[in-house]
Every structure is written in C-alpha cells, then in structure tokens.
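Data block below; observations after.
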Amino acid sequence: MNDKVHLDHEHVRDLLTAMLRIRRFEEKCFELYQSEKIRGFMHLYDGEEAVSVGVIEALEPKDAIVATYREHGQALARGIEMNALMAELYGKQEGCCRGRGGSMHVFDRATRFYGGNAIVGGGLPLAVGTALGDKMLGRSAITACFFGDGAVDEGSFHESMNLASLWKLPVLFVCENNLYSMGMALERAEAETHIARKAAGYSVASAAVDGMDVVAVEVAARRAIAQIHATSTPYLLECQTYRFRAHSMFDAQLYRTKPEIETWRKKDPVRQLQAWLEQSGMLHADEITGIEADIAAEVGAAVAFAEAGTWEPVEELERFTIMDRVPQ
Amino acid sequence: MSAATGTPAPRRMTYREACKQAIRAAILADPRVFLMGEDVARYGGCYAVTKGLAAELGEARIRDTPLSENGYVGAGIGAAIAGMRPIVEIMTVNFSLLALDQIVNSAATIPHMSGGQFAVPLVIRMATGAGLQLAAQHSHSLEGWYAHVPGLKILAPATVEDARHMLQPALDDPNPVLIFEHVMLYNREDELEPSITGVDIVSAKIRRPGRDITLVTHGGMLFKTLEAAAVLHEEGIEAEVIDLRVLRPLDMATILGSVARTRRVVIVDEGWKSGSLSAEVAARIADEAFYELDAPIRRVCSREVPIPYSAHLEKAALPQTPAIVAMARGLVKGG
Amino acid sequence: MTEFRMPSLGADMEAGTLVEWLVKPGDRVKRGSVVAVVETQKGAIEIEIFNDGLVSEIVVPVGGRVPVGTVLARLDGPAITPAQAAPPSLPPPLPAAAPPPAPPPSVPIVPIATAAPSRQPASPAARRLAGERGIDIQRLRGTGAGGAVTVADVEAAAPTVPGGETGRRRAGFDPAAMRQAIAAAMSRSKREIPHYYLSQTVEISGALARLERVNRERLPPDRILPAAFFLRAIALAMAKTPELNGFWEEGRFRPGDSVHIGWAIALRGGGLVAPAIRDADHRSLDELMASMRDLVLRARSAGLRSSELSDPTVTVTSLGDRGAETVLPIIYPPQVAMIGIGRIVTRPWVVNGAIEPRPVVTITLAGDHRASDGHRGGVLLAEIDRLLQEAETL
C-alpha cells in the first residue's frame with residue numbers, strides 16, 4: 001500500500017481531468033434536466049468534486065464503494081463509463097442499471113459500486129456488510145462509504161460506526177460535510193458539529209480534511225487506508241466541502257445567503273487546482289485546453305449515446321424483481 | 001437407524017430443535033453461511049434456538065450483535081451482496097420494524113433497481129405471534145406486511161418438518177427470504193421422518209383433506225384450525241385444511257383447486273383483518289373463483305386491538321378453535 | 001436565433017411567474033448567466049441561460065405566469081458550442097412503448113335474468129348452475145348462509161334428467177341448434193362464395209425466441225401463446241389490406257369499420273363459435289392474449305354477448321398444437337376472407353445455403369373472389385410473413 005502522493009505531471013493531470021469530467025458532465029446534466037431530458041430528483045456535486053476524486057484515487061480495483069444519491073462524481077471517478085451514466089439519467093436501457101435506477105441509484109458490478117442510495121444513512125449498514133463479507137471471505141479489500149453530514153443525524157451512522165469498530169472491519173467512512181442536510185444547517189442539526197470527533201465514541205480513528213483541496217483529500221485518504229490495513233479497524237474521514245448549487249434541482253435556497261456561496265466559490269476545487277498548476281508551471285494552459293476539448297467531446301458523445309438509446313421493453317418490467325440466480 | 005429393518009426410524013423432536021438442526025447443518029455444509037443476531041451466541045438465543053451452537057461452530061459463524069437491528073440487517077444485506085450467505089435472526093417481528101428501512105428499501109429493491117446486477121441471497125428469521133402474555137410490543141403477527149413487498153419471499157413453517165427443512169432452500173434461493181417462526185410452536189413436538197430430506201418453498205400443503213369447506217391458514221394458527229376440523233368432522237362436516245407455508249408468492253393454484261371442490265372457504269389468520277394477508281387471499285379467491293363459490297368468503301382473525309398482557313384478554317383477542325368451528329359450520333349448514 | 005424557455009426545475013413544477021428580468025433587449029449574455037428570476041411554489045429561483053447571444057426580445061413581461069416550456073425571450077446569434085443545440089422543443093418524446101388506447105370497457109356478464117329489488121340471495125356457483133339448467137332461481141328456497149340458494153338447492157330442484165348430458169342445455173348454445181346453424185352457413189358459403197386459396201409457410205424461430213423471452217419470468221396463466229403472436233401479425237396486416245376486411249352484401253363489397261377478428265373457438269360439446277376481438281390491430285400482445293383467454297372462457301361458459309358474434313370483419317382459425325399442418329378454411333358469410341393457422345412443425349429450411357431444422361407454420365387464406373383477387377391475398381400473406389420476421393417489434 002502506497003500512502004504517499006507523488007505530484008508528478010501525469011498525476012496532477014489525472015486529478016484535474018477527473019474533476020473537470022465531473023464538472024462538465026454535470027453542467028450538461030443541469031441543462032438537460034431543464035429541457036426535461038432528465039427527470040426525477042437530480043442532485044449535483046458542483047463544488048464537491050475533490051472529495052470523490054481524492055478518495056477514489058487512493059482506492060484499488062478490488063475495493064468496494066457505497067455512495068449516496070449525490071453520486072455522479074463517485075461514479076465517474078470510479079470509472080463507470082460516461083455513456084452508461086448519461087443513458088441511465090435518460091432512463092434508457094443502455095444505462096448502467098437499464099434506466100431503472102436513474103440519478104439516485106447508480107450501481108455497477110464491474111467496479112464494485114454498490115449504489116446510489118436515496119435513503120439518507122441507508123448505505124452505511126450496507127458498507128459494514130460488504131466489509132464483513134470481504135473479511136470473512138479472506139479478501140484484503142476495503143469498502144469506501146460516502147455519506148453526507150445529514151446521515152450523521154441518523155441512527156444508522158451510529159450503529160454502523162459501532163459495528164465496524166466492534167468487528168474490526170475495513171471500512172473507510174467518508175463524510176462529505178457540505179454543511180447542509182438539504183436546507184438544514186449543520187449547527188442547527190448537530191449538538192457536536194465537529195463530525196470527526198464523533199468517531200472517538202466508537203474507538204474509531206478519524207481526521208478532518210479540507211475537502212476543497214483534492215491533493216489534501218488524497219493524502220488523507222491514503223493515510224487512512226494505510227491505517228485501516230495496518231490495524232484492521234475502520235476510519236472516519238470528514239471532508240469539509242460545499243455544494244455550489246441547490247440541493248436538488250427545485251430549490252430556491254432560502255436557507256443560505258449569496259455572500260456565503262460566493263465565499264465558498266473562491267475555494268472552488270477545480271479552479272484552485274488549475275490555477276496552482278498553471279502558476280507552478282506543472283500544466284501548460286494549452287494542455288488544459290486540450291483536456292477541456294477531450295471532455296467536451298466525451299460529454300457530447302455521451303449525450304448522443306443517450307439520445308440514441310432505447311427504452312427497455314415494458315414486457316421486462318417485472319424482470320429481476322425476483323432473481324433466478326445470483327449473478328457471478 | 002433401526003438395526004433390524006435398515007430403515008431410519010422417525011425421530012421425535014421439538015420445533016425449536018428442528019430450527020437448530022437446520023441452522024447447524026446449513027453452517028456445516030457451506031463456509032459462506034453464518035448466523036448473526038442479538039444474543040444468539042453466548043446467551044443461546046432469546047427462544048433458545050441456537051443454544052450450544054456457538055461453542056461448536058465458533059463465534060464467527062454464530063455471531064452476537066449489539067442491539068442495532070437496522071445496522072446488522074443492513075450488514076447482512078451487504079455481506080450477501082459481497083458473496084456470503086447470511087442468516088440474520090431478529091428476536092421478534094416487532095423489533096424488525098427497526099430494520100424495516102434495510103429490508104424494504106434495500107434488500108427488496110437492489111436486484112430490480114440495479115437492473116439485475118446484484119442479487120441479495122439473504123435469510124432473515126424472526127419470531128412472530130402471540131400466546132405467551134408478552135403484550136403489545138412482542139406479540140404481533142406482521143408477516144402479512146412483509147408479504148406486501150415485491151422482491152421478498154415470505155415463509156411460515158408451521159410443522160417440525162418445515163422448521164427442519166425450509167431453511168436450506170431459503171439459503172439456496174437468490175432472493176431475500178424472511179422466515180416467520182410462531183412463538184407458540186417452539187415447544188411443539190412431532191416425529192421427523194428421516195427419509196424426508198428436503199421440502200419446497202413454493203407450494204401450500206393440504207394438511208387434512210375434506211369435501212365440504214376449505215380452511216386456509218398458516219403458522220401458529222394451523223393447529224387450532226386442525227383442531228377445528230376434527231370438531232367439524234364429529235358434526236359430519238369434512239373440512240379441508242390448507243397450510244399456506246409460503247406467504248409470498250402465494251400458491252393460488254392449491255387454494256383455488258380446493259375451493260373449486262368445496263365451494264366454501266374460511267381464512268384463519270392471527271393478523272388483523274384490515275389491509276391484511278387474509279384480505280389478500282380473500283380478494284384473490286373472489287377474483288379468480290367467484291363462480292365456484294357457494295357461500296361468502298369468511299375470515300377468522302385477531303380482534304383489532306394491540307394484543308394485551310392479561311391472559312383472558314389475550315385469549316379473547318386471538319382466533320380460537322370454537323370461533324373457527326362456528327364460522328365453518330355456519331357456511332356449510334346455513335342459517 | 002435561439003429561444004429561451006421557462007425551464008422545468010422539477011417534476012412537480014408546472015408553471016412559474018417571471019418576477020424579474022436581469023437582462024434587457026440588446027444585452028449580451030453568456031452561457032451560465034443568470035438572466036431572470038422566477039417565482040415558483042417553492043420560492044424565487046434564479047434562472048440560467050445555456051447559450052451565448054444577444055437578447056433580441058423579451059417575450060414574457062415581469063408578472064407573467066406561464067407554463068413550463070413557454071418561450072420567455074429570444075436571442076440572436078448562434079449557440080457557440082456546436083454540441084449544444086437549442087433545448088429541444090417540448091414536450092419530450094413519449095416512450096416508444098406508449099400504451100395503445102384502452103379497449104372499450106366490457107360489460108360484465110352475469111348469467112342471470114332477473115334482478116328484482118328483494119331478490120332471493122344465491123351463491124355465484126348456484127347462479128351459474130341455475131343458468132345452465134334454465135332454472136329460475138327466484139322460486140327456490142335457500143338453505144345456505146343467510147338463506148342463500150346453494151348449488152345443492154339448485155340440484156335438488158332439478159335432478160339431472162335420466163340419460164345424463166343429453167337433457168342439459170348450455171345457456172346460449174344449444175348443440176343441436178348450433179349444428180344446424182353451422183350447416184346452413186357453410187352450405188351457403190360453398191354455394192355462393194367463389195373461394196380462392198393461398199398459402200405461405202413462415203419460418204418463426206425469431207417469433208418463438210421473443211416469446212420465450214417474454215414468457216421467461218411469467219407464470220403459466222400469464223404466458224403469451226404463439227397464436228397471440230400470429231393474431232397480432234394478422235391484425236396489423238389486415239389493417240393494411242382493407243379489401244379483405246369486410247362484407248359482401250347485396251352484390252357489393254362493404255369494408256369493415258375496423259379490424260374485428262373473429263377468433264374460432266371449438267366448444268367442448270361440439271360446435272364452433274367465432275366471437276370478435278374488436279379493434280384487434282390496436283391491441284398489444286398482452287391485450288390480445290387476454291382477449292383470447294377471456295373469449296375462450298366465456299364461450300365455454302356461455303357468457304358471450306350477441307354483438308360479439310356479429311361483429312367480426314374477418315375470421316381466424318388456429319388448429320393448435322394437435323391440429324393438422326394446413327387448414328383450408330371456409331369463409332363465414334357475409335365476410336370475404338378467412339385465415340387459417342396450421343400446427344407449428346420443425347422442417348428442413350435453407351438458411352444461407354445450408355439446410356437447418358427450423359420451426360415453421362403454414363398460414364392460409366381463403367378469399368372471396370368476388371371481393372378481391374389473388375394478388376391482394378398474396379400481399380396480405382407476405383405482410384404477415386414480414387411482420388413475423390420482425391418479431392422483436394411486433
């Protein structure tokens with residue numbers, strides 16, 4: 001396990017590309033939603049990209065991921081194809097879940113991506129279970145479990161932290177603390193607002209990190225994962241971040257102020273990294289233009305793929321309600 | 001083994017012992033199977049089903065959990081998806097409500113929602129039903145609620161044979177299977193026929209044939225219903241008793257076949273009437289066998305109250321044999 | 001020119017009120033600019049624009065409340081990102097599998113004649129039996145629950161006539177009378193109608209594969225039978241061949257108003273009826289299958305409506321899996337065509353120059369030469385063949 005981050009040219013290019021792919025993909029989603037190509041609830045990750053990119057950069061293919069309904073970032077960072085993700089948002093059968101899950105329920109067997117969970121806190125017990133299963137089957141994999149600050153209010157957070165610690169399970173709990181559970185501000189919901197501190201009650205190691213700094217997140221995640229492997233215990237990593245856009249699409253944002261949003265926008269993880277890379281000469285402006293062009297082409301292709309996609313035949317509606325076998 | 005004949009002799013055992021043997025055999029047969037729940041290991045199980053198993057099989061396979069129903073049921077789902085075959089025990093159906101989120105929102109939905117990428121091969125066992133004066137938070141029969149949910153399979157073993165043999169096919173099933181064990185059955189003894197080594201988890205069973213009326217029931221109510229059939233026989237009425245065994249999906253072919261012969265039906269269910277499993281069975285009979293019916297479809301269910309502590313009130317709240325007899329007699333003899 | 005429309009911010013948003021324009025005509029806007037504020041039931045929301053351009057016209061003034069999709073403003077100048085065409089106009093495309101129009105509601109059939117205000121209660125099974133035996137249930141005394149007439153009461157009132165079944169009459173279909181009716185109709189057909197016959201053997205491995213897939217997770221009562229598949233192809237093909245869909249009356253052809261397929265059903269006591277599946281060309285596979293099941297059930301329990309027997313514009317007979325390979329049907333007058341479906345058999349079939357065993361079925365057409373010629377009949381069979389080859393879309 002390598003817990004060091006080598007900021008060579010290739011690595012920083014990858015980090016920036018990964019975040020830009022999420023940002024541009026979601027900008028397109030925002031537009032497609034308003035023209036009714038995408039429906040249902042859709043929660044954008046704008047501002048939080050450094051968290052998923054930083055953490056997933058530190059994972060290995062054997063590891064498992066459990067995410068939330070705001071999981072486009074995790075899905076793309078983990079390597080789910082943009083085409084399949086976009087088609088899923090369109091509800092087409094070429095989507096990663098045949099269009100049955102939509103934005104909030106992305107699953108992918110190939111990358112051990114166990115959702116996409118639209119029940120706040122619903123993923124935490126599942127992550128305890130995948131880690132328990134991996135451990136009992138003698139695998140050395142860990143499970144990275146993403147959840148928001150709202151999930152910390154739920155009993156499942158506390159049950160899961162306790163179970164994982166009690167049973168010494170390899171779970172990396174990643175709290176994406178964006179300060180609001182929908183419209184409920186953290187300090188109005190939690191008596192103890194330092195989420196990382198809560199881990200002590202379960203004898204779980206923890207750290208808080210600037211979730212707007214992708215390098216800091218990756219360093220913290222690598223450190224956490226090394227500790228998980230060394231001690232066979234879970235770890236809670238609180239990533240302090242902010243979503244620039246509304247909770248979901250239909251949200252007048254009456255619960256926070258514009259100056260607050262503007263203050264956080266100055267910490268935009270994508271722009272911060274890009275500016276630093278340009279100033280330090282690690283990435284030339286031309287190269288960034290090239291990255292942007294590649295992503296624009298990829299997003300355009302994903303839209304075309306989704307547009308050309310087909311609807312699952314209605315005869316298939318009940319298929320997989322009851323499974324006839326366990327997929328291998 | 002009977003040395004004289006070479007054929008295995010029937011063995012008499014309790015329902016509790018049958019449950020225990022089923023768990024033990026399943027764990028010994030497959031390294032992926034383990035059981036977890038509250039006080040299943042050192043305490044030996046709230047109803048003593050797992051007594052002694054932890055010492056034999058180890059505490060990794062018979063795993064005590066903290067009092068975190070939603071947490072450990074969810075962990076069971078995750079472990080199943082990761083490749084294990086967990087058996088999760090919940091002390092009583094009333095406590096399972098703390099895990100309703102994981103059962104209904106995750107276990108039942110993930111296969112369909114993921115487009116068939118993941119199955120949830122999980123078994124959840126729990127006690128159900130009244131009769132031990134445990135009052136309103138330990139006595140309810142809520143299996144009908146779970147039978148409402150697509151994606152789940154619901155079993156209700158009533159006999160020692162089913163208690164012994166339904167677990168293995170439930171574990172072999174790729175879907176989440178909930179097994180409801182009625183608390184009044186654990187001490188019941190019966191012969192276990194050694195030559196029977198397996199049962200299905202798809203069909204209802206006719207426990208007593210009869211031509212005049214069909215009595216449909218399951219779980220703890222089976223034996224009161226069989227008692228009622230014996231009383232009716234004395235009066236010259238031959239009641240056919242169907243043990244549903246599987247509450248979802250319902251084996252309607254067996255029920256409709258019986259109703260087509262007897263033309264009369266009473267459903268006996270310890271659950272309440274309103275919005276219930278008995279209502280579902282009645283509706284399907286009315287839907288699919290209306291022109292076969294020679295009398296209204298009737299039900300004998302629990303009174304619509306939380307089950308009380310006091311013995312006489314508890315008894316009054318639950319379906320009893322005389323009520324089943326009276327209901328059936330009225331349909332057959334008129335008046 | 002680009003149109004800027006009232007966006008849809010959620011499935012539950014139907015309309016919005018424009019409370020503020022942040023741009024005016026002549027202003028230059030960029031993709032991502034906030035251009036307006038819209039009041040919704042969830043509060044005021046700032047609205048972004050997705051194109052660069054020059055605002056040329058404000059269409060909806062401040063205070064205007066308009067539905068989602070309404071043009072709010074127009075922009076001059078092309079959208080700068082070529083991949084991002086103007087938002088497509090509303091409404092969004094319907095799913096390809098949009099349900100066809102619902103069939104006309106069917107009237108429930110209760111085989112009982114009278115419904116007096118204080119009528120004698122009777123069980124459903126007793127009512128059916130009384131109907132079959134022509135017994136007036138009102139004059140019986142009930143011994144069942146609530147004083148209802150039971151099957152036993154009906155049986156007591158009318159003991160089975162010695163000689164068994166011969167004394168019983170199925171309500172609606174008297175076997176002897178039916179034989180007479182069939183004799184008359186078929187004699188007339190052979191006497192008056194100059195039949196021509198065409199046949200086409202159709203390879204159906206694709207159709208059977210689709211069926212297999214559709215049926216895979218269904219229980220037997222819900223499965224689709226091959227006959228429903230053939231019926232769907234026939235119905236669609238008939239809709240394209242109106243010359244064969246209708247009646248020969250008073251020396252001339254009168255086209256049917258729609259494709260109502262008479263589905264020939266053999267009755268258990270002998271005889272045949274062919275009640276209509278109305279508007280068969282507008283029914284999905286599932287609906288056709290349900291109609292077929294319903295008709296068979298009702299035909300055999302004497303529950304058909306008279307209109308169902310007079311409605312068909314064409315009749316189809318299928319011999320099923322125990323029938324002969326080919327059927328040469330006789331047209332039911334005044335219809336002008338009848339289609340026969342033989343048994344599905346496996347036969348050598350040439351595929352890409354090699355011989356392979358393939359499932360085939362022979363579909364035959366009997367046409368009335370007064371109303372149509374063999375050419376039209378050939379077109380119909382060819383179309384049925386073509387549709388069955390494209391089973392995935394059927």
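Identifiers for the structure tokens are assigned positionally: chains receive A, B, ... in sequence, residues are indexed from 1 per chain, and ligands are indexed from 1 in the order shown.
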Per residue of chain C within 10 Å of chain B, record the nearest atom pair and its distance in Å to one decimal, counting only C-alpha atoms, with rows in chain order and ascending residue number, as a tab-separated table.
```
residue	atom	partner	partner_atom	distance
C:Val110	CA	B:Tyr291	CA	9.8
C:Ala122	CA	B:Asp294	CA	7.9
C:Ser123	CA	B:Asp294	CA	4.7
C:Pro124	CA	B:Tyr291	CA	4.7
C:Ala125	CA	B:Tyr291	CA	4.7
C:Ala126	CA	B:Asp294	CA	6.4
C:Arg127	CA	B:Tyr291	CA	8.1
C:Arg128	CA	B:Tyr291	CA	6.7
C:Leu129	CA	B:Tyr291	CA	9.4
C:Gly142	CA	B:Gly334	CA	8.6
C:Thr143	CA	B:Gly334	CA	5.6
C:Gly144	CA	B:Gly334	CA	4.0
C:Ala145	CA	B:Gly334	CA	3.9
C:Gly146	CA	B:Gly335	CA	5.5
C:Gly147	CA	B:Gly335	CA	6.1
C:Ala148	CA	B:Ala295	CA	7.9
C:Val149	CA	B:Asp294	CA	8.3
C:Thr150	CA	B:Asp294	CA	5.5
C:Val151	CA	B:Asp294	CA	6.5
C:Ala152	CA	B:Asp294	CA	9.0
```
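Within 7 Å of chain B, counting only C-alpha atoms, chain A contributes Cys97, Arg98, Arg100, Gly101, Phe107, Arg109, Pro125, Leu126, Ala127, Val128, Gly129, Thr130, Leu132, Gly133, Asp134, Ser156, Glu159, Ser160, Phe320, Thr321, Ile322, Met323, Asp324, Arg325, Val326 and Pro327 of chain A.
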Resulting file, chosen residues, N, CA and C atoms, as a JSON list (two decimals), in the first residue's frame:
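Generated output (out13.json):
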```
[["chain", "number", "residue", "atom", "x", "y", "z"],
["A", 97, "CYS", "N", -27.96, 0.78, -15.16],
["A", 97, "CYS", "CA", -28.97, -0.03, -14.49],
["A", 97, "CYS", "C", -30.21, -0.17, -15.37],
["A", 98, "ARG", "N", -30.04, -0.14, -16.65],
["A", 98, "ARG", "CA", -31.12, -0.27, -17.65],
["A", 98, "ARG", "C", -32.15, 0.84, -17.55],
["A", 100, "ARG", "N", -33.40, 1.88, -14.77],
["A", 100, "ARG", "CA", -34.33, 1.64, -13.67],
["A", 100, "ARG", "C", -33.98, 2.43, -12.42],
["A", 101, "GLY", "N", -32.72, 2.80, -12.31],
["A", 101, "GLY", "CA", -32.30, 3.46, -11.08],
["A", 101, "GLY", "C", -32.34, 4.98, -11.20],
["A", 107, "PHE", "N", -25.57, 1.77, -9.94],
["A", 107, "PHE", "CA", -24.89, 0.55, -9.49],
["A", 107, "PHE", "C", -23.98, 0.08, -10.61],
["A", 109, "ARG", "N", -21.58, -3.48, -11.26],
["A", 109, "ARG", "CA", -20.95, -4.70, -10.77],
["A", 109, "ARG", "C", -19.45, -4.70, -11.03],
["A", 125, "PRO", "N", -24.99, 0.82, 6.79],
["A", 125, "PRO", "CA", -25.01, -0.61, 7.18],
["A", 125, "PRO", "C", -24.59, -1.53, 6.04],
["A", 126, "LEU", "N", -24.92, -1.16, 4.81],
["A", 126, "LEU", "CA", -24.52, -2.00, 3.67],
["A", 126, "LEU", "C", -22.99, -2.06, 3.58],
["A", 127, "ALA", "N", -22.35, -0.93, 3.80],
["A", 127, "ALA", "CA", -20.89, -0.88, 3.73],
["A", 127, "ALA", "C", -20.27, -1.75, 4.83],
["A", 128, "VAL", "N", -20.88, -1.72, 6.01],
["A", 128, "VAL", "CA", -20.42, -2.62, 7.08],
["A", 128, "VAL", "C", -20.50, -4.06, 6.59],
["A", 129, "GLY", "N", -21.59, -4.37, 5.88],
["A", 129, "GLY", "CA", -21.80, -5.73, 5.39],
["A", 129, "GLY", "C", -20.83, -6.13, 4.29],
["A", 130, "THR", "N", -20.57, -5.24, 3.35],
["A", 130, "THR", "CA", -19.62, -5.63, 2.29],
["A", 130, "THR", "C", -18.23, -5.83, 2.90],
["A", 132, "LEU", "N", -17.67, -6.79, 6.00],
["A", 132, "LEU", "CA", -17.75, -8.04, 6.76],
["A", 132, "LEU", "C", -17.61, -9.24, 5.81],
["A", 133, "GLY", "N", -18.33, -9.17, 4.69],
["A", 133, "GLY", "CA", -18.26, -10.25, 3.70],
["A", 133, "GLY", "C", -16.85, -10.42, 3.17],
["A", 134, "ASP", "N", -16.22, -9.30, 2.79],
["A", 134, "ASP", "CA", -14.85, -9.37, 2.27],
["A", 134, "ASP", "C", -13.91, -9.98, 3.31],
["A", 156, "SER", "N", -28.48, 4.99, 11.87],
["A", 156, "SER", "CA", -27.66, 4.03, 11.13],
["A", 156, "SER", "C", -26.18, 4.42, 11.15],
["A", 159, "GLU", "N", -24.99, 3.16, 14.58],
["A", 159, "GLU", "CA", -24.98, 1.70, 14.60],
["A", 159, "GLU", "C", -23.82, 1.17, 13.75],
["A", 160, "SER", "N", -23.62, 1.79, 12.61],
["A", 160, "SER", "CA", -22.61, 1.28, 11.67],
["A", 160, "SER", "C", -21.19, 1.55, 12.17],
["A", 320, "PHE", "N", -36.21, -9.32, -12.78],
["A", 320, "PHE", "CA", -35.26, -9.05, -11.68],
["A", 320, "PHE", "C", -35.93, -8.62, -10.38],
["A", 321, "THR", "N", -37.27, -8.58, -10.34],
["A", 321, "THR", "CA", -37.91, -8.36, -9.02],
["A", 321, "THR", "C", -37.55, -9.55, -8.14],
["A", 322, "ILE", "N", -37.71, -10.72, -8.75],
["A", 322, "ILE", "CA", -37.24, -11.95, -8.12],
["A", 322, "ILE", "C", -36.17, -12.51, -9.02],
["A", 323, "MET", "N", -35.01, -12.77, -8.45],
["A", 323, "MET", "CA", -33.87, -13.23, -9.25],
["A", 323, "MET", "C", -33.92, -14.75, -9.40],
["A", 324, "ASP", "N", -33.49, -15.23, -10.56],
["A", 324, "ASP", "CA", -33.45, -16.69, -10.72],
["A", 324, "ASP", "C", -32.07, -17.25, -10.42],
["A", 325, "ARG", "N", -31.10, -16.37, -10.20],
["A", 325, "ARG", "CA", -29.77, -16.85, -9.82],
["A", 325, "ARG", "C", -29.00, -15.67, -9.23],
["A", 326, "VAL", "N", -27.90, -15.97, -8.58],
["A", 326, "VAL", "CA", -27.03, -14.92, -8.07],
["A", 326, "VAL", "C", -26.01, -14.60, -9.17],
["A", 327, "PRO", "N", -25.99, -13.39, -9.70],
["A", 327, "PRO", "CA", -25.02, -13.08, -10.76],
["A", 327, "PRO", "C", -23.60, -13.29, -10.25]]
```
Please indicate the distance in Å from CA of Arg11 in chain B to CA of Tyr186 in chain B, rounded to one decimal place. 16.3 Å
Counting only C-alpha atoms, which residues of chain A come no farther than 6 Å from chain C, as a PyMOL selection string? chain A and resi 34-35+249-250+252+300
Write a file of the selected residues as a JSON list (two decimals), in the first residue's frame, keeping N, CA and C atoms.
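Written output follows (selection38.json):
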```json
[["chain", "number", "residue", "atom", "x", "y", "z"],
["A", 34, "GLN", "N", -33.33, 20.76, -17.31],
["A", 34, "GLN", "CA", -34.29, 21.84, -17.53],
["A", 34, "GLN", "C", -35.02, 21.68, -18.85],
["A", 35, "SER", "N", -34.44, 20.95, -19.78],
["A", 35, "SER", "CA", -35.18, 20.69, -21.02],
["A", 35, "SER", "C", -35.89, 19.33, -20.94],
["A", 249, "MET", "N", -32.74, 19.97, -7.96],
["A", 249, "MET", "CA", -32.98, 20.98, -8.97],
["A", 249, "MET", "C", -34.00, 22.03, -8.53],
["A", 250, "PHE", "N", -34.96, 21.63, -7.73],
["A", 250, "PHE", "CA", -36.08, 22.51, -7.42],
["A", 250, "PHE", "C", -35.89, 23.04, -6.01],
["A", 252, "ALA", "N", -35.11, 26.83, -3.92],
["A", 252, "ALA", "CA", -34.90, 28.28, -4.01],
["A", 252, "ALA", "C", -33.77, 28.76, -3.09],
["A", 300, "GLY", "N", -20.34, 15.31, -25.22],
["A", 300, "GLY", "CA", -21.19, 15.35, -26.42],
["A", 300, "GLY", "C", -21.53, 13.95, -26.88]]
```
Please identify all polymer residues within 12 Å of Arg254 in chain C, counting only C-alpha atoms, omitting same-chain residues fewer than 2 positions from it, and present them as number ranges by chain. C: 242-252, 256-258, 313, 334-336, 370-372
Quick one: distance from CA of Arg271 in chain A to CA of Pro61 in chain A in Å, one decimal? 28.5 Å
So which residues of range 128-331 of chain B fall under alpha helix (DSSP H) by DSSP, listed as a PyMOL selection string? chain B and resi 143-146+160-165+167-172+221-234+252-262+277-289+311-317+321-331
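One finds CA of Gln389 in chain C at 13.6 Å from CA of Leu236 in chain C.
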Mind dumping a table of every range 212-305 of chain A residue within 9 Å of range 137-147 of chain A, with the nearest atom pair and its distance in Å to one decimal, using only C-alpha atoms, sorted by chain and rising number, as a tab-separated table?
```
residue	atom	partner	partner_atom	distance
A:Ile225	CA	A:Ile142	CA	8.1
A:Ile228	CA	A:Ile142	CA	8.1
A:His229	CA	A:Ser140	CA	8.1
```
Those residues with C-alpha atoms, as a PDB file, in the first residue's frame please?
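Contents of part.pdb, as written:
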```pdb
ATOM      1  CA  ILE A 225      -6.378   3.421   4.148  1.00  0.00           C
ATOM      2  CA  ILE A 228      -7.105   0.536   8.059  1.00  0.00           C
ATOM      3  CA  HIS A 229      -4.860  -2.133   6.576  1.00  0.00           C
TER       4      HIS A 229
END
```
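Ranking A:Phe305, A:Trp276, A:Phe173, A:Phe244 by their shortest atom-to-atom distance to Glu48 in chain A, with only C-alpha atoms included, puts A:Phe244 first.
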From a backbone DSSP assignment, name each residue in range 116-331 of chain C labelled strand (DSSP E), as a PyMOL selection string. chain C and resi 195-203+246-249+252-255+261-263+265-266+272-273+276-277+314-318
Tell me which protein, DNA and RNA residues are within 12 Å of Ser187 in chain C, counting only C-alpha atoms, leaving out same-chain ones fewer than 6 positions away, and put them as a CSV table (one decimal) with C-alpha atoms, in the first residue's frame.
```csv
chain,number,residue,atom,x,y,z
C,180,GLN,CA,-78.0,-26.6,-37.9
C,181,ALA,CA,-76.6,-23.0,-38.0
C,193,ILE,CA,-68.7,-17.8,-52.5
C,330,ILE,CA,-64.4,-21.9,-45.5
C,331,ILE,CA,-65.4,-18.3,-45.4
C,332,TYR,CA,-68.1,-17.3,-42.9
C,333,PRO,CA,-70.6,-15.2,-44.9
```
Counting only C-alpha atoms, what is within 8 Å of range 218-231 of chain B, bar same-chain residues fewer than 5 positions away, as a tab-separated table (two decimals) with C-alpha atoms, in the first residue's frame?
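Just written: around.tsv:
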```tsv
chain	number	residue	atom	x	y	z
B	129	GLY	CA	-47.31	-14.19	17.05
B	156	ALA	CA	-44.15	-19.52	7.60
B	157	PRO	CA	-43.10	-23.02	8.67
B	158	ALA	CA	-45.77	-24.48	10.93
B	180	PHE	CA	-41.51	-16.36	10.44
B	181	GLU	CA	-41.50	-18.78	13.38
B	182	HIS	CA	-44.57	-18.59	15.61
B	183	VAL	CA	-43.58	-18.40	19.28
B	184	MET	CA	-46.18	-20.99	20.32
B	185	LEU	CA	-44.64	-23.58	18.02
B	208	ARG	CA	-56.21	-32.52	6.02
B	238	GLU	CA	-65.44	-32.55	6.31
B	239	ALA	CA	-63.12	-29.53	6.31
B	240	GLU	CA	-60.04	-29.35	4.10
B	241	VAL	CA	-57.17	-27.56	5.86
B	242	ILE	CA	-54.59	-25.74	3.74
B	243	ASP	CA	-51.31	-24.63	5.32
B	244	LEU	CA	-50.07	-21.77	3.16
B	245	ARG	CA	-46.40	-22.31	4.17
B	268	VAL	CA	-57.83	-18.17	9.59
B	269	ASP	CA	-55.07	-15.66	10.27
B	270	GLU	CA	-53.62	-14.36	13.53
B	319	PRO	CA	-58.64	-16.52	16.90
B	320	GLN	CA	-59.72	-19.61	18.85
B	321	THR	CA	-60.89	-23.06	17.79
B	322	PRO	CA	-64.61	-22.58	18.68
B	324	ILE	CA	-63.31	-21.32	13.57
B	325	VAL	CA	-65.79	-24.18	14.09
```
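With distances restricted to only C-alpha atoms, B:Arg63 is the closest residue to Leu35 in chain B from B:Arg63, B:Arg125, B:Lys51, B:Arg16.
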